$ cat entry17.txt   # compact mmCIF, C-alpha atoms
# COMPACT_ATOMS: atom_id res chain seq x y z
CA MET F 1 30.19 38.07 -27.85
CA LYS F 2 32.02 41.03 -26.32
CA LYS F 3 30.02 40.61 -23.10
CA ASN F 4 31.10 36.98 -22.82
CA ILE F 5 34.74 37.84 -23.44
CA LEU F 6 34.66 40.58 -20.81
CA LEU F 7 32.94 38.24 -18.38
CA TRP F 8 35.59 35.57 -18.66
CA LEU F 9 38.37 38.13 -18.54
CA SER F 10 36.96 39.37 -15.24
CA VAL F 11 36.82 35.79 -13.91
CA CYS F 12 40.40 35.15 -14.95
CA THR F 13 41.50 38.44 -13.43
CA VAL F 14 40.04 37.52 -10.05
CA LEU F 15 41.53 34.03 -10.20
CA GLY F 16 44.85 35.60 -11.13
CA THR F 17 45.06 36.98 -7.60
CA VAL F 18 45.17 33.46 -6.20
CA GLY F 19 48.67 32.59 -5.16
CA CYS F 20 51.62 34.56 -3.94
CA SER F 21 54.78 35.20 -5.91
CA THR F 22 52.93 35.58 -9.21
CA SER F 23 50.54 38.28 -8.03
CA LYS F 24 50.20 40.10 -4.74
CA VAL F 25 53.81 39.69 -3.60
CA PRO F 26 56.23 40.98 -6.27
CA GLN F 27 59.33 38.95 -6.96
CA ILE F 28 62.58 40.71 -6.14
CA GLU F 29 66.17 40.14 -7.08
CA ALA F 30 67.90 39.77 -3.73
CA LYS F 31 71.45 40.78 -4.63
CA TYR F 32 72.77 41.51 -1.14
CA TYR F 33 70.44 39.66 1.22
CA PRO F 34 69.06 36.51 -0.47
CA GLU F 35 69.16 34.65 2.84
CA CYS F 36 66.72 37.16 4.35
CA TYR F 37 64.11 36.98 1.62
CA ASP F 38 64.51 33.27 0.86
CA PRO F 39 61.96 32.09 3.51
CA ILE F 40 59.25 34.23 1.89
CA ALA F 41 60.24 33.33 -1.67
CA LYS F 42 60.03 29.62 -0.84
CA LEU F 43 56.62 30.01 0.78
CA CYS F 44 55.31 31.91 -2.22
CA LYS F 45 56.53 29.23 -4.61
CA ASP F 46 55.07 26.41 -2.53
CA GLU F 47 51.72 28.11 -1.99
CA ASP F 48 51.29 28.87 -5.68
CA ASN F 49 51.35 25.13 -6.34
CA SER F 50 49.44 23.89 -3.29
CA ASP F 51 46.31 21.76 -3.52
CA GLU F 52 44.51 24.07 -1.12
CA ILE F 53 45.01 27.03 -3.44
CA LYS F 54 43.83 24.98 -6.41
CA SER F 55 40.69 23.90 -4.51
CA ALA F 56 39.94 27.51 -3.65
CA ALA F 57 40.46 28.46 -7.29
CA VAL F 58 37.88 25.88 -8.36
CA GLY F 59 35.46 27.35 -5.84
CA GLY F 60 36.27 30.76 -7.27
CA VAL F 61 35.41 29.68 -10.81
CA ILE F 62 32.05 28.30 -9.70
CA GLY F 63 31.34 31.39 -7.62
CA ALA F 64 32.33 33.68 -10.48
CA ILE F 65 29.99 31.98 -12.93
CA GLY F 66 27.13 32.05 -10.45
CA GLY F 67 27.86 35.64 -9.53
CA ALA F 68 27.97 36.66 -13.17
CA LEU F 69 24.60 35.08 -13.84
CA ILE F 70 23.06 36.73 -10.80
CA GLY F 71 24.64 40.09 -11.58
CA GLY F 72 23.62 39.94 -15.22
CA LEU F 73 20.05 38.94 -14.48
CA ALA F 74 19.66 41.55 -11.78
CA SER F 75 20.99 44.45 -13.82
CA LYS F 76 20.48 43.18 -17.39
CA ASP F 77 23.75 44.70 -18.49
CA LYS F 78 27.42 43.92 -18.92
CA LYS F 79 28.52 45.91 -15.87
CA GLY F 80 26.21 43.95 -13.58
CA ALA F 81 27.58 40.66 -14.89
CA LEU F 82 31.18 41.76 -14.35
CA ILE F 83 30.51 42.94 -10.81
CA GLY F 84 28.63 39.74 -10.09
CA ALA F 85 31.55 37.70 -11.41
CA ALA F 86 34.05 39.49 -9.18
CA VAL F 87 31.90 39.19 -6.06
CA GLY F 88 31.04 35.59 -6.84
CA ALA F 89 34.67 34.63 -7.38
CA VAL F 90 35.72 36.05 -4.04
CA ALA F 91 32.87 34.28 -2.26
CA GLY F 92 33.56 31.04 -4.12
CA ALA F 93 37.25 31.10 -3.27
CA ALA F 94 36.44 31.69 0.40
CA THR F 95 34.20 28.61 0.56
CA GLY F 96 36.36 26.37 -1.59
CA PHE F 97 38.86 25.51 1.14
CA PHE F 98 36.61 23.41 3.41
CA LYS F 99 33.72 22.74 1.04
CA ALA F 100 35.78 20.90 -1.57
CA ARG F 101 36.89 18.31 0.98
CA LEU F 102 33.75 17.94 3.08
CA ASP F 103 30.85 17.95 0.64
CA LYS F 104 31.57 14.47 -0.68
CA ILE F 105 31.53 12.85 2.79
CA ASN F 106 28.09 11.53 3.71
CA ASP F 107 28.77 10.30 7.24
CA ARG F 108 28.71 13.09 9.84
CA ASP F 109 31.34 11.53 12.09
CA GLN F 110 33.68 11.21 9.14
CA ARG F 111 32.96 14.81 8.10
CA LEU F 112 33.82 16.08 11.57
CA ALA F 113 36.97 13.98 11.65
CA GLU F 114 37.98 15.44 8.29
CA TYR F 115 37.12 18.93 9.55
CA GLN F 116 39.49 18.39 12.47
CA LYS F 117 42.21 17.33 10.05
CA ILE F 118 41.67 20.40 7.87
CA LEU F 119 41.79 22.66 10.93
CA GLY F 120 45.08 21.00 11.85
CA ASP F 121 46.37 21.71 8.33
CA VAL F 122 45.33 25.36 8.65
CA SER F 123 47.13 25.60 11.99
CA SER F 124 50.32 23.98 10.68
CA GLN F 125 50.39 26.18 7.60
CA TRP F 126 49.87 29.28 9.70
CA ASP F 127 52.73 28.30 12.02
CA LEU F 128 54.99 27.83 8.99
CA ARG F 129 54.04 31.24 7.61
CA LYS F 130 54.57 32.93 10.96
CA SER F 131 57.97 31.33 11.61
CA SER F 132 59.14 32.13 8.06
CA VAL F 133 58.14 35.78 8.40
CA GLU F 134 59.86 36.00 11.79
CA VAL F 135 63.06 34.47 10.39
CA ALA F 136 63.03 36.99 7.53
CA LEU F 137 62.41 39.94 9.85
CA ASP F 138 65.15 38.85 12.25
CA CYS F 139 67.55 38.53 9.34
CA TYR F 140 66.82 42.03 8.03
CA ASP F 141 67.06 43.36 11.59
CA LYS F 142 70.61 42.01 11.92
CA GLN F 143 71.63 43.22 8.47
CA ILE F 144 70.46 46.75 9.23
CA THR F 145 72.78 46.73 12.26
CA VAL F 146 75.64 45.46 10.08
CA LEU F 147 74.92 48.20 7.54
CA GLU F 148 74.87 50.80 10.30
CA ASN F 149 78.33 49.66 11.43
CA LEU F 150 79.67 49.80 7.87
CA VAL F 151 78.48 53.40 7.57
CA ARG F 152 79.95 54.29 10.94
CA ASP F 153 83.34 52.77 10.03
CA LYS F 154 83.32 54.42 6.55
CA LYS F 155 83.59 51.01 4.86
CA ILE F 156 80.80 51.40 2.33
CA SER F 157 80.14 53.77 -0.56
CA GLU F 158 77.02 55.88 -0.77
CA LYS F 159 75.94 54.02 -3.92
CA GLU F 160 76.17 50.60 -2.29
CA PHE F 161 74.52 51.90 0.86
CA LEU F 162 71.50 53.07 -1.12
CA GLU F 163 71.34 49.81 -3.05
CA ARG F 164 71.38 47.77 0.14
CA MET F 165 68.85 49.99 1.85
CA ASN F 166 66.47 49.85 -1.09
CA GLU F 167 66.72 46.07 -1.22
CA ILE F 168 65.95 45.83 2.51
CA LYS F 169 63.03 48.20 2.12
CA GLN F 170 61.65 46.23 -0.84
CA GLY F 171 62.03 42.99 1.11
CA LEU F 172 60.19 44.44 4.10
CA ASP F 173 57.42 45.81 1.89
CA ASN F 174 56.99 42.39 0.30
CA ILE F 175 56.86 40.73 3.70
CA LYS F 176 54.16 43.21 4.69
CA THR F 177 52.13 42.32 1.60
CA TYR F 178 52.60 38.60 2.19
CA TRP F 179 51.66 38.85 5.86
CA ALA F 180 48.54 40.87 5.11
CA ASP F 181 47.51 38.25 2.56
CA ALA F 182 48.28 35.39 4.97
CA THR F 183 46.17 36.83 7.79
CA THR F 184 43.30 37.55 5.42
CA ASN F 185 43.41 34.02 4.02
CA VAL F 186 43.56 32.25 7.37
CA ASN F 187 40.72 34.41 8.64
CA ALA F 188 38.64 33.42 5.60
CA ASP F 189 39.49 29.73 6.10
CA LEU F 190 38.48 29.79 9.76
CA ALA F 191 35.28 31.65 8.94
CA ASP F 192 34.47 29.06 6.29
CA GLY F 193 35.02 26.31 8.85
CA GLU F 194 32.73 28.02 11.33
CA LYS F 195 30.06 28.27 8.64
CA PHE F 196 30.35 24.52 8.06
CA LEU F 197 29.84 23.84 11.77
CA GLU F 198 26.77 26.09 11.83
CA GLU F 199 25.31 24.16 8.90
CA GLU F 200 25.99 20.87 10.68
CA GLU F 201 24.22 22.16 13.77
CA ARG F 202 21.21 23.14 11.64
CA ARG F 203 21.13 19.67 10.05
CA ILE F 204 21.15 18.00 13.46
CA ALA F 205 18.19 20.10 14.57
CA GLU F 206 16.29 19.24 11.39
CA GLU F 207 17.03 15.53 11.72
CA GLU F 208 15.96 15.55 15.38
CA LYS F 209 12.74 17.38 14.55
CA ALA F 210 12.00 14.90 11.77
CA LYS F 211 12.78 12.08 14.21
CA GLN F 212 15.52 10.78 11.96
CA ILE F 213 17.80 10.67 15.00
CA LYS F 214 16.99 10.30 18.69
CA ALA F 215 17.44 13.11 21.22
CA GLN F 216 20.36 11.32 22.87
CA GLU F 217 22.18 10.95 19.55
CA ALA F 218 21.50 14.61 18.72
CA LYS F 219 23.01 15.63 22.06
CA LYS F 220 26.08 13.52 21.36
CA GLN F 221 26.52 15.10 17.91
CA ARG F 222 26.15 18.62 19.34
CA GLU F 223 28.87 17.90 21.89
CA LYS F 224 31.22 16.92 19.08
CA LEU F 225 30.38 20.15 17.29
CA ARG F 226 30.99 22.14 20.47
CA LYS F 227 34.53 20.73 20.73
CA GLN F 228 35.26 21.56 17.11
CA LYS F 229 33.95 25.11 17.59
CA LEU F 230 36.18 25.54 20.62
CA ALA F 231 39.20 24.33 18.65
CA SER F 232 38.40 26.77 15.86
CA GLN F 233 37.98 29.66 18.30
CA ASN F 234 41.30 28.82 19.97
CA GLN F 235 43.04 28.83 16.60
CA LYS F 236 41.53 32.20 15.79
CA LYS F 237 42.81 33.61 19.10
CA LYS F 238 46.26 32.18 18.37
CA VAL F 239 46.31 33.85 14.96
CA GLN F 240 45.37 37.14 16.62
CA GLN F 241 48.17 36.83 19.19
CA ASP F 242 50.72 35.74 16.60
CA ASN F 243 49.78 38.62 14.35
CA GLU F 244 50.24 41.14 17.15
CA LYS F 245 53.68 39.69 17.90
CA VAL F 246 54.81 39.78 14.27
CA SER F 247 53.34 43.26 13.87
CA ALA F 248 55.39 44.57 16.77
CA LYS F 249 58.59 43.03 15.39
CA ALA F 250 57.94 44.35 11.89
CA ASN F 251 57.34 47.87 13.17
CA GLU F 252 60.62 47.69 15.12
CA VAL F 253 62.52 46.80 11.95
CA TYR F 254 60.78 49.54 9.98
CA ALA F 255 61.74 52.03 12.69
CA LEU F 256 65.40 50.95 12.44
CA ILE F 257 65.62 51.40 8.68
CA LYS F 258 63.75 54.70 8.92
CA LYS F 259 66.48 56.15 11.15
CA LEU F 260 69.46 54.82 9.17
CA GLU F 261 71.23 57.31 6.91
CA TYR F 262 74.55 57.63 5.11
CA LYS F 263 77.26 60.03 6.21
CA ASP F 264 80.37 60.90 4.22
CA LYS F 265 83.89 60.94 5.64
CA GLU F 266 83.38 64.44 7.02
CA GLY F 267 80.23 63.30 8.82
CA THR F 268 77.87 65.16 6.53
CA LYS F 269 74.53 63.47 5.97
CA SER F 270 74.26 62.88 2.25
CA ALA F 271 71.76 60.10 1.61
CA LYS F 272 68.75 58.54 3.22
CA VAL F 273 66.19 56.08 1.94
CA ASP F 274 62.62 57.32 2.24
CA VAL F 275 60.73 54.79 4.34
CA VAL F 276 57.08 55.06 5.29
CA LEU F 277 56.48 53.62 8.75
CA ASP F 278 53.53 51.27 8.35
CA ASN F 279 51.48 49.75 11.14
CA TYR F 280 51.20 46.00 10.63
CA SER F 281 48.48 45.75 13.24
CA LEU F 282 46.07 46.99 10.56
CA TYR F 283 46.06 43.39 9.35
CA ALA F 284 45.11 41.87 12.69
CA ILE F 285 42.06 39.64 12.69
CA THR F 286 39.12 41.46 14.25
CA LYS F 287 38.20 40.08 17.65

$ encode --input "entry17.txt" --output "structure tokens"
Amino acid sequence: MKKNILLWLSVCTVLGTVGCSTSKVPQIEAKYYPECYDPIAKLCKDEDNSDEIKSAAVGGVIGAIGGALIGGLASKDKKGALIGAAVGAVAGAATGFFKARLDKINDRDQRLAEYQKILGDVSSQWDLRKSSVEVALDCYDKQITVLENLVRDKKISEKEFLERMNEIKQGLDNIKTYWADATTNVNADLADGEKFLEEEERRIAEEEKAKQIKAQEAKKQREKLRKQKLASQNQKKKVQQDNEKVSAKANEVYALIKKLEYKDKEGTKSAKVDVVLDNYSLYAITK
């Protein structure tokens, strides 16, 4: 009984990471700069309720159950089942995005048309994420300059300065977490799509060998697959380029806040927020 409870707790724990504002990206109370964090907060709320996330969660449940069975059988103990559940849930979530929408389509042409639509959805969602992150970073960039001027003109107390700085830092840290999650997710989605195309290519070869389709038809189907692969590769390159651009901007903003410090009326440095300069390029998709 205890093993079963622990197993399902592990499954629920893994599924609990699905989403945004409720897990990986902490919610913050934006007292001074709500307009800067609002683009990210809205994305988190929308993505927590999206159909794509729910489909991936279903895939995660199936993967977790399968992984638990495999892990338990292989190791014959509770630990093996728990590890299997965690690994299975991650694998299941990764394949849920495309698989949930394509498995039920019997006709290959219709499957490829649906694949193209899904790839378009992935691209649109990525563009929305990127633009929202850029808007948030630009906003914090401008507010850091405003804060710098307030300090220079002695128009802000040390207490308020620290409060504002800490809110900016927390917002930037949350953006970093969100962006890392976004790049990981889109990479997993594109990889899942590429796996689907590889499976389609294998099916075509099998059907041609079994003489279920003629050589000319097989050639035609492979050409369609080639175009879809090219589209997927182009999207992956775009994600890489976008990530490098956002990374550079984020590091610029981090560098600004790292240098900013409070000085009293006599010009004595009295307060500074400790900021660790992170390198966003760590989250770039591997070429």

$ atom_distance --input "entry17.txt" --atom1 "CA of Arg164 in chain F" --atom2 "CA of Leu128 in chain F"
27.3 Å

$ residues_around --input "entry17.txt" --residues "range 27-35 of chain F" --least-positions-apart "4" --cutoff "12 Å" --atoms "all atoms listed in the file" --output "PyMOL selection string"
chain F and resi 20-23+39-42+44-45+132+135-144+146-147+160-175+177-178

$ write_last_selection --input "entry17.txt" --atoms "C-alpha atoms" --output "PDB file, in the frame of the given file"
ATOM      1  CA  CYS F  20      51.620  34.560  -3.940  1.00  0.00           C
ATOM      2  CA  SER F  21      54.780  35.200  -5.910  1.00  0.00           C
ATOM      3  CA  THR F  22      52.930  35.580  -9.210  1.00  0.00           C
ATOM      4  CA  SER F  23      50.540  38.280  -8.030  1.00  0.00           C
ATOM      5  CA  PRO F  39      61.960  32.090   3.510  1.00  0.00           C
ATOM      6  CA  ILE F  40      59.250  34.230   1.890  1.00  0.00           C
ATOM      7  CA  ALA F  41      60.240  33.330  -1.670  1.00  0.00           C
ATOM      8  CA  LYS F  42      60.030  29.620  -0.840  1.00  0.00           C
ATOM      9  CA  CYS F  44      55.310  31.910  -2.220  1.00  0.00           C
ATOM     10  CA  LYS F  45      56.530  29.230  -4.610  1.00  0.00           C
ATOM     11  CA  SER F 132      59.140  32.130   8.060  1.00  0.00           C
ATOM     12  CA  VAL F 135      63.060  34.470  10.390  1.00  0.00           C
ATOM     13  CA  ALA F 136      63.030  36.990   7.530  1.00  0.00           C
ATOM     14  CA  LEU F 137      62.410  39.940   9.850  1.00  0.00           C
ATOM     15  CA  ASP F 138      65.150  38.850  12.250  1.00  0.00           C
ATOM     16  CA  CYS F 139      67.550  38.530   9.340  1.00  0.00           C
ATOM     17  CA  TYR F 140      66.820  42.030   8.030  1.00  0.00           C
ATOM     18  CA  ASP F 141      67.060  43.360  11.590  1.00  0.00           C
ATOM     19  CA  LYS F 142      70.610  42.010  11.920  1.00  0.00           C
ATOM     20  CA  GLN F 143      71.630  43.220   8.470  1.00  0.00           C
ATOM     21  CA  ILE F 144      70.460  46.750   9.230  1.00  0.00           C
ATOM     22  CA  VAL F 146      75.640  45.460  10.080  1.00  0.00           C
ATOM     23  CA  LEU F 147      74.920  48.200   7.540  1.00  0.00           C
ATOM     24  CA  GLU F 160      76.170  50.600  -2.290  1.00  0.00           C
ATOM     25  CA  PHE F 161      74.520  51.900   0.860  1.00  0.00           C
ATOM     26  CA  LEU F 162      71.500  53.070  -1.120  1.00  0.00           C
ATOM     27  CA  GLU F 163      71.340  49.810  -3.050  1.00  0.00           C
ATOM     28  CA  ARG F 164      71.380  47.770   0.140  1.00  0.00           C
ATOM     29  CA  MET F 165      68.850  49.990   1.850  1.00  0.00           C
ATOM     30  CA  ASN F 166      66.470  49.850  -1.090  1.00  0.00           C
ATOM     31  CA  GLU F 167      66.720  46.070  -1.220  1.00  0.00           C
ATOM     32  CA  ILE F 168      65.950  45.830   2.510  1.00  0.00           C
ATOM     33  CA  LYS F 169      63.030  48.200   2.120  1.00  0.00           C
ATOM     34  CA  GLN F 170      61.650  46.230  -0.840  1.00  0.00           C
ATOM     35  CA  GLY F 171      62.030  42.990   1.110  1.00  0.00           C
ATOM     36  CA  LEU F 172      60.190  44.440   4.100  1.00  0.00           C
ATOM     37  CA  ASP F 173      57.420  45.810   1.890  1.00  0.00           C
ATOM     38  CA  ASN F 174      56.990  42.390   0.300  1.00  0.00           C
ATOM     39  CA  ILE F 175      56.860  40.730   3.700  1.00  0.00           C
ATOM     40  CA  THR F 177      52.130  42.320   1.600  1.00  0.00           C
ATOM     41  CA  TYR F 178      52.600  38.600   2.190  1.00  0.00           C
TER      42      TYR F 178
END

$ atom_distance --input "entry17.txt" --atom1 "CA of Arg203 in chain F" --atom2 "CA of Val239 in chain F"
29.3 Å

$ closest_atom_pairs --input "entry17.txt" --of "range 102-193 of chain F" --to "range 228-234 of chain F" --cutoff "8 Å" --atoms "all atoms listed in the file" --output "tab-separated table"
residue	atom	partner	partner_atom	distance
F:Leu112	CA	F:Gln228	CA	7.9
F:Gln116	CA	F:Gln228	CA	7.0
F:Leu119	CA	F:Ser232	CA	7.3
F:Leu190	CA	F:Ser232	CA	6.8
F:Gly193	CA	F:Ser232	CA	7.8

$ atom_distance --input "entry17.txt" --atom1 "CA of Arg108 in chain F" --atom2 "CA of Thr183 in chain F"
29.5 Å

$ closest_residue --input "entry17.txt" --among "F:Leu150, F:Ala113, F:Ala100, F:Val186" --to "Asp127 in chain F" --atoms "only C-alpha atoms"
F:Val186

$ residues_around --input "entry17.txt" --residues "Trp179 in chain F" --least-positions-apart "3" --cutoff "9 Å" --atoms "all atoms listed in the file" --output "tab-separated table (two decimals) with C-alpha atoms, in the frame of the given file"
chain	number	residue	atom	x	y	z
F	129	ARG	CA	54.04	31.24	7.61
F	130	LYS	CA	54.57	32.93	10.96
F	133	VAL	CA	58.14	35.78	8.40
F	174	ASN	CA	56.99	42.39	0.30
F	175	ILE	CA	56.86	40.73	3.70
F	176	LYS	CA	54.16	43.21	4.69
F	182	ALA	CA	48.28	35.39	4.97
F	183	THR	CA	46.17	36.83	7.79
F	184	THR	CA	43.30	37.55	5.42
F	243	ASN	CA	49.78	38.62	14.35
F	280	TYR	CA	51.20	46.00	10.63
F	283	TYR	CA	46.06	43.39	9.35

$ closest_residue --input "entry17.txt" --among "F:Ser157, F:Gln221, F:Gln240, F:Gln212" --to "Asn187 in chain F" --atoms "only C-alpha atoms"
F:Gln240
